[in-house]
>>> print(open('structure.cif').read())   # mmCIF, C-alpha atoms
data_coords
loop_
_atom_site.label_atom_id
_atom_site.label_comp_id
_atom_site.auth_asym_id
_atom_site.auth_seq_id
_atom_site.Cartn_x
_atom_site.Cartn_y
_atom_site.Cartn_z
CA MET A 482 -120.11 26.02 -110.67
CA ALA A 483 -123.30 24.01 -110.00
CA PRO A 484 -122.83 20.19 -109.90
CA ALA A 485 -125.18 19.62 -112.85
CA VAL A 486 -123.32 22.15 -115.01
CA GLU A 487 -119.96 20.72 -113.98
CA ALA A 488 -121.16 17.21 -114.83
CA ALA A 489 -122.52 18.33 -118.20
CA GLN A 490 -119.09 19.70 -119.06
CA LEU A 491 -116.93 16.94 -117.61
CA LEU A 492 -118.84 13.78 -118.59
CA PRO A 493 -118.10 14.10 -122.33
CA VAL A 494 -114.48 14.96 -121.49
CA TYR A 495 -113.96 11.77 -119.50
CA GLU A 496 -115.81 9.71 -122.08
CA GLY A 497 -113.95 11.16 -125.06
CA ARG A 498 -110.55 10.94 -123.42
CA GLY A 499 -111.24 7.35 -122.36
CA LEU A 500 -112.05 6.41 -125.95
CA VAL A 501 -108.83 8.07 -127.13
CA TRP A 502 -106.87 6.09 -124.52
CA LEU A 503 -108.36 2.88 -125.93
CA LEU A 504 -107.26 3.85 -129.43
CA LEU A 505 -103.74 4.49 -128.11
CA THR A 506 -103.71 1.10 -126.30
CA LYS A 507 -103.61 2.92 -122.94
CA ASN A 508 -106.24 0.65 -121.43
CA GLU A 509 -105.60 1.39 -117.75
CA ALA A 510 -105.91 5.12 -118.40
CA ALA A 511 -109.16 4.46 -120.27
CA ILE A 512 -110.52 2.49 -117.30
CA ALA A 513 -109.63 5.36 -114.94
CA ASP A 514 -111.49 7.90 -117.08
CA PHE A 515 -114.55 5.69 -117.49
CA GLN A 516 -114.61 5.16 -113.72
CA ARG A 517 -114.58 8.94 -113.20
CA MET A 518 -117.35 9.25 -115.77
CA HIS A 519 -119.41 6.66 -113.92
CA GLU A 520 -118.88 8.28 -110.51
CA LEU A 521 -119.81 11.71 -111.85
CA ALA A 522 -122.90 10.40 -113.66
CA CYS A 523 -124.11 8.69 -110.49
CA ALA A 524 -123.39 11.76 -108.32
CA SER A 525 -125.20 14.15 -110.69
CA GLY A 526 -128.20 11.89 -111.29
CA GLN A 527 -127.68 11.21 -115.01
CA PRO A 528 -128.74 7.56 -115.49
CA HIS A 529 -128.19 7.49 -119.26
CA GLN A 530 -124.55 8.52 -118.88
CA GLU A 531 -124.26 6.10 -115.97
CA GLY A 532 -125.33 3.24 -118.23
CA ILE A 533 -123.01 4.28 -121.06
CA SER A 534 -120.08 4.50 -118.64
CA LEU A 535 -120.83 0.96 -117.40
CA CYS A 536 -120.68 -0.33 -120.98
CA HIS A 537 -117.41 1.52 -121.58
CA LEU A 538 -115.97 -0.01 -118.40
CA ALA A 539 -117.00 -3.52 -119.48
CA PHE A 540 -115.25 -3.14 -122.82
CA ALA A 541 -112.15 -1.47 -121.41
CA TYR A 542 -111.70 -4.31 -118.91
CA SER A 543 -112.24 -6.87 -121.67
CA HIS A 544 -109.16 -5.52 -123.46
CA THR A 545 -106.92 -5.54 -120.39
CA HIS A 546 -108.39 -8.11 -118.00
CA PRO A 547 -110.55 -10.36 -120.23
CA ASP A 548 -111.40 -12.83 -117.47
CA ASP A 549 -112.22 -10.22 -114.84
CA GLN A 550 -115.67 -10.81 -113.32
CA ARG A 551 -116.27 -7.07 -113.34
CA ILE A 552 -116.93 -7.25 -117.10
CA GLU A 553 -120.07 -9.30 -116.60
CA HIS A 554 -121.03 -7.26 -113.53
CA TYR A 555 -120.79 -3.95 -115.43
CA ALA A 556 -122.69 -5.37 -118.42
CA GLN A 557 -125.50 -6.78 -116.29
CA GLU A 558 -125.77 -3.57 -114.27
CA ALA A 559 -126.00 -1.58 -117.52
CA GLN A 560 -128.65 -3.94 -118.87
CA HIS A 561 -130.80 -3.67 -115.75
CA LEU A 562 -130.54 0.11 -115.90
CA ALA A 563 -131.42 0.13 -119.62
CA GLN A 564 -134.49 -2.03 -119.04
CA ARG A 565 -135.65 0.20 -116.19
CA LEU A 566 -135.19 3.33 -118.30
CA GLY A 567 -136.32 1.82 -121.59
CA ASP A 568 -133.03 3.09 -123.04
CA ALA A 569 -132.02 1.21 -126.21
CA ASN A 570 -128.76 3.16 -126.40
CA ILE A 571 -127.61 1.38 -123.25
CA LEU A 572 -129.34 -1.93 -123.94
CA ALA A 573 -127.59 -2.61 -127.27
CA PRO A 574 -123.99 -2.27 -126.00
CA SER A 575 -124.87 -4.18 -122.81
CA PHE A 576 -125.88 -7.17 -124.94
CA THR A 577 -122.62 -6.86 -126.88
CA ALA A 578 -120.63 -6.82 -123.63
CA LEU A 579 -122.44 -9.94 -122.38
CA GLY A 580 -121.69 -11.57 -125.74
CA SER A 581 -117.99 -10.88 -125.26
CA VAL A 582 -118.15 -12.60 -121.86
CA ALA A 583 -119.79 -15.65 -123.46
CA VAL A 584 -117.08 -15.78 -126.14
CA ASN A 585 -114.41 -15.72 -123.44
CA ARG A 586 -116.12 -18.70 -121.83
CA ARG A 587 -116.26 -20.43 -125.25
CA ASN A 588 -120.05 -20.44 -125.20
CA VAL A 589 -120.46 -19.53 -128.85
CA GLU A 590 -124.22 -20.08 -129.08
CA GLU A 591 -124.91 -17.79 -126.13
CA ALA A 592 -122.55 -15.17 -127.56
CA GLU A 593 -124.33 -15.22 -130.91
CA ARG A 594 -127.70 -14.71 -129.18
CA HIS A 595 -126.40 -11.66 -127.32
CA PHE A 596 -124.78 -10.18 -130.43
CA ALA A 597 -127.94 -10.79 -132.49
CA ALA A 598 -130.02 -9.01 -129.83
CA SER A 599 -127.66 -6.03 -129.88
CA LEU A 600 -127.71 -5.92 -133.67
CA GLN A 601 -131.51 -6.07 -133.78
CA ILE A 602 -131.89 -3.24 -131.26
CA SER A 603 -129.34 -1.06 -133.06
CA ARG A 604 -130.98 -1.53 -136.44
CA ARG A 605 -134.52 -1.07 -135.10
CA GLU A 606 -133.68 2.07 -133.15
CA GLY A 607 -131.29 3.52 -135.71
CA TYR A 608 -128.59 3.53 -133.03
CA ASN A 609 -125.17 3.07 -134.57
CA ASP A 610 -122.76 3.58 -131.67
CA ALA A 611 -122.76 -0.11 -130.66
CA LEU A 612 -122.71 -1.43 -134.23
CA PRO A 613 -118.96 -1.41 -135.02
CA ARG A 614 -118.11 -3.33 -131.85
CA THR A 615 -120.94 -5.85 -132.38
CA LEU A 616 -120.06 -6.34 -136.04
CA ARG A 617 -116.40 -6.84 -135.10
CA TYR A 618 -117.36 -9.69 -132.76
CA LEU A 619 -119.76 -11.23 -135.28
CA SER A 620 -117.07 -11.06 -137.98
CA SER A 621 -114.52 -12.75 -135.73
CA LEU A 622 -116.96 -15.54 -134.78
CA ALA A 623 -117.89 -16.13 -138.42
CA TYR A 624 -114.18 -16.24 -139.30
CA TRP A 625 -113.38 -18.84 -136.64
CA GLN A 626 -116.39 -20.90 -137.70
CA GLY A 627 -115.11 -20.94 -141.28
CA HIS A 628 -117.94 -18.76 -142.62
CA PHE A 629 -115.55 -16.49 -144.46
CA LEU A 630 -117.98 -14.65 -146.75
CA PRO A 631 -120.31 -13.65 -143.86
CA ALA A 632 -117.19 -12.64 -141.92
CA ILE A 633 -116.20 -10.36 -144.81
CA HIS A 634 -119.66 -8.80 -145.01
CA ARG A 635 -119.83 -8.16 -141.25
CA ALA A 636 -116.35 -6.65 -141.19
CA GLN A 637 -117.04 -4.45 -144.22
CA GLU A 638 -120.18 -3.09 -142.61
CA GLY A 639 -118.28 -2.55 -139.37
CA VAL A 640 -115.61 -0.55 -141.19
CA THR A 641 -118.24 1.59 -142.93
CA VAL A 642 -120.14 2.38 -139.73
CA ALA A 643 -116.95 2.96 -137.72
CA ARG A 644 -115.73 5.49 -140.28
CA ALA A 645 -119.08 7.30 -140.23
CA LEU A 646 -118.81 7.52 -136.44
CA HIS A 647 -115.09 8.45 -136.53
CA ASP A 648 -114.49 5.33 -134.41
CA GLY A 649 -110.87 4.69 -135.31
CA PHE A 650 -110.46 1.93 -132.72
CA HIS A 651 -113.12 -0.38 -134.11
CA GLU A 652 -112.27 0.56 -137.69
CA LEU A 653 -108.85 -1.04 -137.11
CA HIS A 654 -110.40 -4.10 -135.47
CA CYS A 655 -112.85 -4.64 -138.32
CA LEU A 656 -110.13 -4.10 -140.93
CA ALA A 657 -107.92 -6.68 -139.20
CA PHE A 658 -110.62 -9.36 -139.31
CA LEU A 659 -111.48 -8.35 -142.86
CA SER A 660 -107.90 -9.04 -143.93
CA LEU A 661 -107.95 -12.49 -142.28
CA ALA A 662 -111.29 -13.43 -143.84
CA CYS A 663 -110.20 -12.24 -147.29
CA TRP A 664 -107.04 -14.31 -146.97
CA SER A 665 -108.93 -17.43 -145.97
CA GLN A 666 -111.32 -16.89 -148.87
CA GLY A 667 -108.33 -16.79 -151.25
CA ASP A 668 -108.45 -13.08 -152.06
CA TYR A 669 -104.76 -12.52 -151.35
CA PRO A 670 -104.38 -9.12 -153.08
CA GLN A 671 -107.22 -7.66 -151.03
CA ALA A 672 -105.87 -9.21 -147.82
CA PHE A 673 -102.46 -7.61 -148.39
CA ARG A 674 -104.01 -4.24 -149.30
CA ILE A 675 -106.15 -4.17 -146.16
CA THR A 676 -103.21 -5.28 -144.00
CA HIS A 677 -101.06 -2.43 -145.28
CA GLU A 678 -103.97 -0.03 -144.72
CA VAL A 679 -104.08 -1.15 -141.08
CA VAL A 680 -100.34 -0.48 -140.76
CA THR A 681 -100.73 3.03 -142.19
CA LYS A 682 -103.70 3.91 -139.99
CA ALA A 683 -102.11 2.39 -136.88
CA HIS A 684 -99.02 4.54 -137.46
CA GLU A 685 -101.16 7.65 -137.87
CA ARG A 686 -103.11 6.85 -134.70
CA HIS A 687 -100.10 5.70 -132.66
CA ASN A 688 -101.83 2.40 -131.96
CA ARG A 689 -99.07 0.11 -130.70
CA PHE A 690 -101.29 -2.97 -130.56
CA PHE A 691 -102.10 -3.06 -134.26
CA LEU A 692 -98.62 -2.01 -135.31
CA ARG A 693 -97.37 -5.19 -133.61
CA ARG A 694 -100.31 -7.48 -134.31
CA ILE A 695 -100.28 -6.92 -138.06
CA LYS A 696 -96.80 -8.44 -138.29
CA ASN A 697 -98.41 -11.67 -137.07
CA HIS A 698 -100.82 -11.49 -139.99
CA LEU A 699 -98.00 -10.96 -142.46
CA GLY A 700 -96.01 -13.81 -140.91
CA TRP A 701 -98.97 -16.17 -141.28
CA PHE A 702 -99.56 -15.07 -144.88
CA SER A 703 -95.89 -15.69 -145.69
CA ARG A 704 -95.84 -19.17 -144.13
CA GLU A 705 -98.99 -20.23 -146.00
CA LEU A 706 -97.28 -19.31 -149.28
CA GLY A 707 -94.08 -21.19 -148.42
CA ALA A 708 -91.98 -18.12 -147.53
CA VAL A 709 -91.24 -19.64 -144.13
CA SER A 710 -87.92 -17.90 -143.44
CA ARG A 711 -89.58 -14.54 -144.07
CA ALA A 712 -92.43 -15.60 -141.78
CA ALA A 713 -89.96 -16.40 -139.00
CA GLU A 714 -88.30 -12.98 -139.39
CA LEU A 715 -91.65 -11.20 -139.06
CA ASP A 716 -92.70 -13.32 -136.12
CA HIS A 717 -89.40 -12.70 -134.32
CA GLU A 718 -89.93 -8.96 -134.78
CA SER A 719 -93.46 -9.25 -133.44
CA THR A 720 -92.29 -11.32 -130.44
CA ASP A 721 -89.67 -8.74 -129.52
CA LEU A 722 -92.07 -5.82 -129.90
CA GLY A 723 -94.86 -7.54 -127.98
CA ARG A 724 -92.51 -8.42 -125.12
CA THR A 725 -90.87 -4.99 -125.02
CA HIS A 726 -94.18 -3.12 -124.92
CA GLY A 727 -95.98 -5.60 -122.69
CA ILE A 728 -98.66 -6.53 -125.25
CA ALA A 729 -99.34 -10.15 -124.29
CA ASN A 730 -101.76 -10.91 -127.13
CA VAL A 731 -99.21 -9.95 -129.77
CA TRP A 732 -96.34 -11.65 -127.96
CA ILE A 733 -98.08 -15.00 -127.48
CA SER A 734 -99.53 -15.09 -131.00
CA ALA A 735 -96.04 -14.51 -132.36
CA LEU A 736 -94.56 -17.27 -130.18
CA ILE A 737 -97.13 -19.72 -131.54
CA ASN A 738 -96.38 -18.60 -135.08
CA LEU A 739 -92.66 -19.11 -134.49
CA GLY A 740 -93.27 -22.66 -133.32
CA LEU A 741 -95.20 -23.37 -136.51
CA ASP A 742 -92.54 -21.60 -138.59
CA TYR A 743 -89.76 -23.79 -137.22
CA LEU A 744 -91.88 -26.90 -137.68
CA ALA A 745 -92.31 -25.94 -141.34
CA LEU A 746 -88.54 -25.33 -141.56
CA GLY A 747 -87.88 -28.89 -140.38
CA GLN A 748 -86.60 -27.93 -136.93
CA PRO A 749 -88.90 -29.86 -134.55
CA THR A 750 -86.77 -29.35 -131.43
CA ARG A 751 -86.80 -25.59 -131.88
CA ALA A 752 -90.52 -25.70 -132.70
CA TRP A 753 -91.15 -27.58 -129.45
CA SER A 754 -89.20 -24.94 -127.50
CA TYR A 755 -91.80 -22.36 -128.56
CA LEU A 756 -95.02 -24.38 -128.57
CA ALA A 757 -94.79 -26.42 -125.35
CA PRO A 758 -93.92 -23.58 -122.92
CA THR A 759 -96.49 -21.32 -124.58
CA LEU A 760 -99.21 -23.95 -124.09
CA ASP A 761 -98.33 -24.11 -120.38
CA ARG A 762 -98.55 -20.32 -120.15
CA VAL A 763 -101.87 -20.12 -121.99
CA VAL A 764 -103.44 -22.79 -119.75
CA ARG A 765 -102.05 -21.17 -116.59
CA GLU A 766 -102.78 -17.51 -117.30
CA ALA A 767 -106.03 -15.72 -118.15
CA PHE A 768 -106.43 -14.54 -121.75
CA GLY A 769 -110.18 -14.52 -122.40
CA SER A 770 -111.25 -15.90 -125.77
CA HIS A 771 -107.62 -16.09 -126.81
CA ARG A 772 -107.17 -18.97 -124.39
CA TRP A 773 -109.30 -21.44 -126.33
CA ARG A 774 -108.17 -20.11 -129.70
CA TRP A 775 -104.50 -20.37 -128.75
CA GLN A 776 -104.94 -23.78 -127.08
CA MET A 777 -106.53 -25.11 -130.24
CA ARG A 778 -103.73 -23.79 -132.45
CA ILE A 779 -100.94 -24.98 -130.16
CA LEU A 780 -102.42 -28.46 -129.61
CA THR A 781 -102.82 -28.90 -133.37
CA GLY A 782 -99.23 -27.75 -133.88
CA LEU A 783 -97.92 -30.11 -131.21
CA ALA A 784 -99.88 -32.98 -132.78
CA GLU A 785 -98.27 -32.26 -136.14
CA LEU A 786 -94.85 -31.94 -134.51
CA SER A 787 -95.23 -35.28 -132.69
CA PHE A 788 -96.44 -36.91 -135.91
CA THR A 789 -93.38 -35.56 -137.72
CA THR A 790 -91.02 -37.04 -135.11
CA GLY A 791 -92.81 -40.41 -135.12
CA GLU A 792 -94.36 -40.11 -131.65
CA TYR A 793 -97.78 -41.24 -132.85
CA GLU A 794 -99.44 -42.01 -129.52
CA GLN A 795 -98.49 -38.60 -128.19
CA ALA A 796 -99.63 -37.01 -131.45
CA LEU A 797 -103.02 -38.68 -131.06
CA ARG A 798 -103.43 -37.30 -127.53
CA TYR A 799 -102.66 -33.80 -128.72
CA VAL A 800 -104.97 -34.00 -131.71
CA GLU A 801 -107.86 -35.30 -129.60
CA ALA A 802 -107.43 -32.41 -127.16
CA GLY A 803 -107.26 -29.92 -130.03
CA LEU A 804 -110.36 -31.37 -131.65
CA GLN A 805 -112.25 -31.10 -128.39
CA GLU A 806 -111.57 -27.34 -128.32
CA ALA A 807 -112.35 -26.92 -132.01
CA GLN A 808 -115.65 -28.79 -131.90
CA ALA A 809 -116.79 -27.08 -128.70
CA THR A 810 -116.35 -23.69 -130.37
CA THR A 811 -117.38 -24.75 -133.93
CA SER A 812 -113.95 -23.69 -135.20
CA GLN A 813 -114.32 -25.55 -138.48
CA LYS A 814 -110.86 -24.94 -139.91
CA TYR A 815 -109.32 -26.64 -136.88
CA VAL A 816 -111.90 -29.42 -136.99
CA ALA A 817 -110.79 -30.14 -140.58
CA LEU A 818 -107.11 -29.96 -139.61
CA GLY A 819 -107.74 -32.20 -136.60
CA TRP A 820 -109.55 -34.85 -138.62
CA THR A 821 -106.75 -34.79 -141.19
CA LEU A 822 -104.05 -35.23 -138.57
CA ARG A 823 -106.02 -37.93 -136.79
CA GLY A 824 -106.37 -39.81 -140.08
CA LYS A 825 -102.65 -39.61 -140.80
CA ILE A 826 -101.76 -40.67 -137.24
CA ILE A 827 -104.21 -43.58 -137.23
CA ALA A 828 -102.80 -44.75 -140.57
CA GLN A 829 -99.34 -44.91 -139.01
CA LEU A 830 -100.80 -46.88 -136.10
CA GLY A 831 -102.09 -49.48 -138.58
CA ASP A 832 -105.84 -48.77 -138.87
CA THR A 833 -105.95 -47.75 -142.53
CA ASP A 834 -109.74 -48.02 -142.94
CA THR A 835 -110.49 -45.65 -140.05
CA ALA A 836 -107.75 -43.36 -141.31
CA GLY A 837 -109.51 -43.14 -144.65
CA VAL A 838 -112.83 -42.23 -143.01
CA GLU A 839 -111.14 -39.42 -141.07
CA LEU A 840 -109.38 -38.05 -144.15
CA GLN A 841 -112.53 -38.25 -146.26
CA ARG A 842 -114.61 -36.25 -143.83
CA ALA A 843 -111.80 -33.74 -143.41
CA PHE A 844 -111.75 -33.28 -147.18
CA SER A 845 -115.55 -32.92 -147.33
CA LEU A 846 -115.44 -30.19 -144.69
CA ALA A 847 -112.54 -28.42 -146.41
CA GLU A 848 -114.53 -28.40 -149.65
CA GLN A 849 -117.44 -26.79 -147.81
CA LEU A 850 -115.21 -24.12 -146.29
CA GLN A 851 -113.63 -23.28 -149.67
CA SER A 852 -110.40 -21.93 -148.22
CA PRO A 853 -107.73 -22.71 -150.83
CA SER A 854 -104.75 -22.84 -148.45
CA LEU A 855 -106.66 -25.33 -146.29
CA LEU A 856 -108.09 -27.38 -149.14
CA TYR A 857 -105.07 -28.34 -151.23
CA PRO A 858 -102.99 -30.00 -148.43
CA ILE A 859 -106.01 -32.02 -147.29
CA ALA A 860 -106.77 -33.05 -150.86
CA TYR A 861 -103.14 -34.16 -151.15
CA ASP A 862 -103.27 -36.15 -147.89
CA LEU A 863 -106.44 -37.97 -148.96
CA GLY A 864 -104.93 -38.61 -152.38
CA TYR A 865 -101.84 -40.08 -150.75
CA TRP A 866 -104.04 -42.37 -148.62
CA TYR A 867 -105.79 -43.61 -151.77
CA GLU A 868 -102.45 -44.14 -153.51
CA THR A 869 -101.02 -46.21 -150.64
CA ALA A 870 -104.27 -48.21 -150.62
CA GLY A 871 -103.69 -49.07 -154.29
CA LYS A 872 -106.55 -46.87 -155.56
CA GLU A 873 -104.57 -44.88 -158.08
CA ARG A 874 -107.56 -43.56 -160.03
CA GLU A 875 -109.07 -41.98 -156.91
CA ALA A 876 -105.63 -40.68 -155.90
CA ALA A 877 -105.20 -39.02 -159.31
CA VAL A 878 -108.54 -37.22 -158.92
CA LEU A 879 -107.50 -35.85 -155.52
CA TYR A 880 -104.08 -34.80 -156.77
CA GLY A 881 -105.81 -33.05 -159.66
CA LYS A 882 -108.00 -31.16 -157.19
CA ALA A 883 -104.92 -30.13 -155.22
CA LYS A 884 -103.13 -29.00 -158.40
CA ALA A 885 -106.11 -26.91 -159.54
CA THR A 886 -106.31 -25.25 -156.12
CA ILE A 887 -102.59 -24.49 -156.15
CA GLU A 888 -102.93 -22.91 -159.60
CA GLN A 889 -105.84 -20.83 -158.33
CA MET A 890 -103.75 -19.63 -155.39
CA ALA A 891 -100.69 -18.87 -157.53
CA THR A 892 -102.79 -16.84 -159.96
CA ALA A 893 -104.14 -14.77 -157.08
CA VAL A 894 -100.67 -13.89 -155.72
CA GLU A 895 -99.63 -10.60 -157.31
CA ASP A 896 -96.03 -10.55 -156.04
CA GLU A 897 -93.99 -12.49 -158.58
CA ALA A 898 -91.25 -13.51 -156.13
CA LEU A 899 -93.79 -14.72 -153.57
CA ARG A 900 -95.67 -16.64 -156.25
CA SER A 901 -92.43 -18.34 -157.31
CA THR A 902 -91.60 -19.20 -153.69
CA PHE A 903 -95.02 -20.78 -153.24
CA LEU A 904 -94.77 -22.86 -156.42
CA GLN A 905 -91.31 -24.07 -155.40
CA SER A 906 -92.30 -24.92 -151.81
CA ALA A 907 -91.73 -28.48 -150.63
CA LEU A 908 -95.36 -29.61 -150.33
CA VAL A 909 -96.32 -28.19 -153.72
CA GLN A 910 -93.33 -29.87 -155.37
CA GLU A 911 -94.04 -33.18 -153.64
CA MET A 912 -97.66 -33.09 -154.74
CA HIS A 913 -96.68 -32.39 -158.36
CA GLU A 914 -94.20 -35.27 -158.33
CA ARG A 915 -96.78 -37.74 -157.05
CA ALA A 916 -99.37 -36.52 -159.52
CA ALA A 917 -96.87 -36.90 -162.35
CA ARG A 918 -96.16 -40.49 -161.37
CA LEU A 919 -99.85 -41.22 -161.77
CA GLY A 920 -99.99 -39.45 -165.10
CA GLY A 921 -101.50 -36.24 -163.74
#
>>> encode(input="structure.cif", output="structure tokens")
Amino acid sequence: MAPAVEAAQLLPVYEGRGLVWLLLTKNEAAIADFQRMHELACASGQPHQEGISLCHLAFAYSHTHPDDQRIEHYAQEAQHLAQRLGDANILAPSFTALGSVAVNRRNVEEAERHFAASLQISRREGYNDALPRTLRYLSSLAYWQGHFLPAIHRAQEGVTVARALHDGFHELHCLAFLSLACWSQGDYPQAFRITHEVVTKAHERHNRFFLRRIKNHLGWFSRELGAVSRAAELDHESTDLGRTHGIANVWISALINLGLDYLALGQPTRAWSYLAPTLDRVVREAFGSHRWRWQMRILTGLAELSFTTGEYEQALRYVEAGLQEAQATTSQKYVALGWTLRGKIIAQLGDTDTAGVELQRAFSLAEQLQSPSLLYPIAYDLGYWYETAGKEREAAVLYGKAKATIEQMATAVEDEALRSTFLQSALVQEMHERAARLGG
């Protein structure tokens, strides 16, 4: 068989099989097939396929070795080839790959520029293959920045395009971020429906990553509604599955969740046993964009834990470090949480005026973000600060805001038992008691 004919037959085989390996979370096998595709494209003089294989290699490495320098090398090589050929079908995914590198390095502005360039090329040229991946990244960035409605729109478009392309891998990714954004927006029924859809599709597609990851989502949802014991059960399952199958992202996310679960259950020593060692591991090992996201979450959790145990100076150090990560990446939810914690810590250290400033700006940001599960605890904390300052009228207004948000959340929860658990949770009960004392 002539080399050109052999290449014409084998290139789509290697490409297609590599994409299937990605869907099955067999990333090393995917890398091997994309490498064969690249070698064959180079040997047979097919520069378009060479460029596509470089983009595939960049993305496959980003899932397995997110800090590997080869990701940027492959993306830049693909971009240079695309510019030489004038090939938009290579140029768009190369920009997306470079955006993923920028996200890993927590350079959010640079990442957004790359993703916007990819999106513009894809829309202008009518080239859809790179769209689901680009929209997935844009949705995740919008989610972390607290722009939940844009995150929903990006994820919805990503799901639609992925289905049209039969791209099951990015359909699952976009659905996962869609569920998180819907939850943060307060659309709990939709978040649960999408989450269960991911479970069903992941089972059908034998995707081990999403079968494990989605338990983390459900654990987080449960904890936010006060079902903390159920959250811990789900997170223990996810930890065991992630460890058994060697899926580090799932495993570490679940360990962080468990630390927060045990903190919510009033077990600070056990919470520390999960959070502190995991922070050391995250700092020491390479996890791409997960590093700064996990560091931010863990540092905030350790700050809350230290505050709970009365170690206020240590709590302040943790919260400052967490805020540094949150502000550098415009992760607005964690900026609001950091300001809240800093206000509460500073109040305990005796500077009540500065504490009030911190709590007030945390509340202002939470109002902008309009995430109910974030808003009502911050409204309560600011109300409590006003009450201790002798400003009962202002405290009553804040408690009223918290109560209204709680009612909004409870109305949105379709499961009657879960709704009851939420309304009987400790923070909700405490807030109602304080509001009642002020006539609210």
>>> resolve_selection(input="structure.cif", expression="the PyMOL selection byres ((chain A and resi 609-611) around 10)", output="compact mmCIF listing (two decimals) with C-alpha atoms, in the coordinates of the input")
# COMPACT_ATOMS: atom_id res chain seq x y z
CA CYS A 536 -120.68 -0.33 -120.98
CA ASN A 570 -128.76 3.16 -126.40
CA ILE A 571 -127.61 1.38 -123.25
CA LEU A 572 -129.34 -1.93 -123.94
CA ALA A 573 -127.59 -2.61 -127.27
CA PRO A 574 -123.99 -2.27 -126.00
CA SER A 575 -124.87 -4.18 -122.81
CA PHE A 576 -125.88 -7.17 -124.94
CA THR A 577 -122.62 -6.86 -126.88
CA ALA A 578 -120.63 -6.82 -123.63
CA SER A 599 -127.66 -6.03 -129.88
CA LEU A 600 -127.71 -5.92 -133.67
CA ILE A 602 -131.89 -3.24 -131.26
CA SER A 603 -129.34 -1.06 -133.06
CA ARG A 604 -130.98 -1.53 -136.44
CA GLU A 606 -133.68 2.07 -133.15
CA GLY A 607 -131.29 3.52 -135.71
CA TYR A 608 -128.59 3.53 -133.03
CA LEU A 612 -122.71 -1.43 -134.23
CA PRO A 613 -118.96 -1.41 -135.02
CA ARG A 614 -118.11 -3.33 -131.85
CA THR A 615 -120.94 -5.85 -132.38
CA LEU A 616 -120.06 -6.34 -136.04
CA VAL A 642 -120.14 2.38 -139.73
CA ALA A 643 -116.95 2.96 -137.72
CA ALA A 645 -119.08 7.30 -140.23
CA LEU A 646 -118.81 7.52 -136.44
CA ASP A 648 -114.49 5.33 -134.41
>>> closest_residue(input="structure.cif", among="A:Ser620, A:Gln516, A:Ser787, A:Asn730", to="Ala757 (chain A)", atoms="all atoms listed in the file")
A:Ser787
>>> residues_around(input="structure.cif", residues="Ala636 (chain A)", least_positions_apart="6", cutoff="7 Å", atoms="all atoms listed in the file", output="list in words")
Leu616, Arg617, Ser620, Cys655, Leu656, Phe658 and Leu659 of chain A
>>> residues_around(input="structure.cif", residues="region 907-916 of chain A", least_positions_apart="5", cutoff="10 Å", atoms="all atoms listed in the file", output="PyMOL selection string")
chain A and resi 706-707+745+857-858+860-862+864-865+868+873+876-881+883-884+887+902+921
>>> residues_around(input="structure.cif", residues="Asp549 (chain A)", least_positions_apart="3", cutoff="12 Å", atoms="all atoms listed in the file", output="PyMOL selection string")
chain A and resi 538-546+552-555+581-582+585-586+767-769
>>> closest_atom_pairs(input="structure.cif", of="region 565-655 of chain A", to="region 683-697 of chain A", cutoff="10 Å", atoms="all atoms listed in the file", output="JSON lines")
{"residue": "A:Gly649", "atom": "CA", "partner": "A:Arg686", "partner_atom": "CA", "distance": 8.1}
{"residue": "A:Phe650", "atom": "CA", "partner": "A:Asn688", "partner_atom": "CA", "distance": 8.7}
{"residue": "A:Leu653", "atom": "CA", "partner": "A:Ala683", "partner_atom": "CA", "distance": 7.6}
{"residue": "A:His654", "atom": "CA", "partner": "A:Phe691", "partner_atom": "CA", "distance": 8.5}
>>> atom_distance(input="structure.cif", atom1="CA of Leu741 (chain A)", atom2="CA of Arg762 (chain A)")
17.0 Å
>>> residues_around(input="structure.cif", residues="region 630-633 of chain A", least_positions_apart="2", cutoff="7 Å", atoms="all atoms listed in the file", output="PDB file with C-alpha atoms, in the coordinates of the input")
ATOM      1  CA  SER A 620    -117.070 -11.060-137.980  1.00  0.00           C
ATOM      2  CA  SER A 621    -114.520 -12.750-135.730  1.00  0.00           C
ATOM      3  CA  ALA A 623    -117.890 -16.130-138.420  1.00  0.00           C
ATOM      4  CA  TYR A 624    -114.180 -16.240-139.300  1.00  0.00           C
ATOM      5  CA  HIS A 628    -117.940 -18.760-142.620  1.00  0.00           C
ATOM      6  CA  ARG A 635    -119.830  -8.160-141.250  1.00  0.00           C
ATOM      7  CA  ALA A 636    -116.350  -6.650-141.190  1.00  0.00           C
ATOM      8  CA  GLN A 637    -117.040  -4.450-144.220  1.00  0.00           C
ATOM      9  CA  LEU A 659    -111.480  -8.350-142.860  1.00  0.00           C
ATOM     10  CA  ALA A 662    -111.290 -13.430-143.840  1.00  0.00           C
ATOM     11  CA  CYS A 663    -110.200 -12.240-147.290  1.00  0.00           C
TER      12      CYS A 663
END
>>> closest_residue(input="structure.cif", among="A:Glu705, A:Leu797, A:Gln626, A:Met777", to="Lys814 (chain A)", atoms="all atoms listed in the file")
A:Gln626
>>> atom_distance(input="structure.cif", atom1="CA of Leu783 (chain A)", atom2="CA of Arg765 (chain A)")
17.6 Å
>>> resolve_selection(input="structure.cif", expression="the PyMOL selection byres ((chain A and resi 587) around 9)", output="list in words")
Val582, Ala583, Val584, Asn585, Arg586, Asn588, Val589, Glu590, Ala592, Gly769, Ser770, Trp773, Glu806, Ala809 and Thr810 of chain A
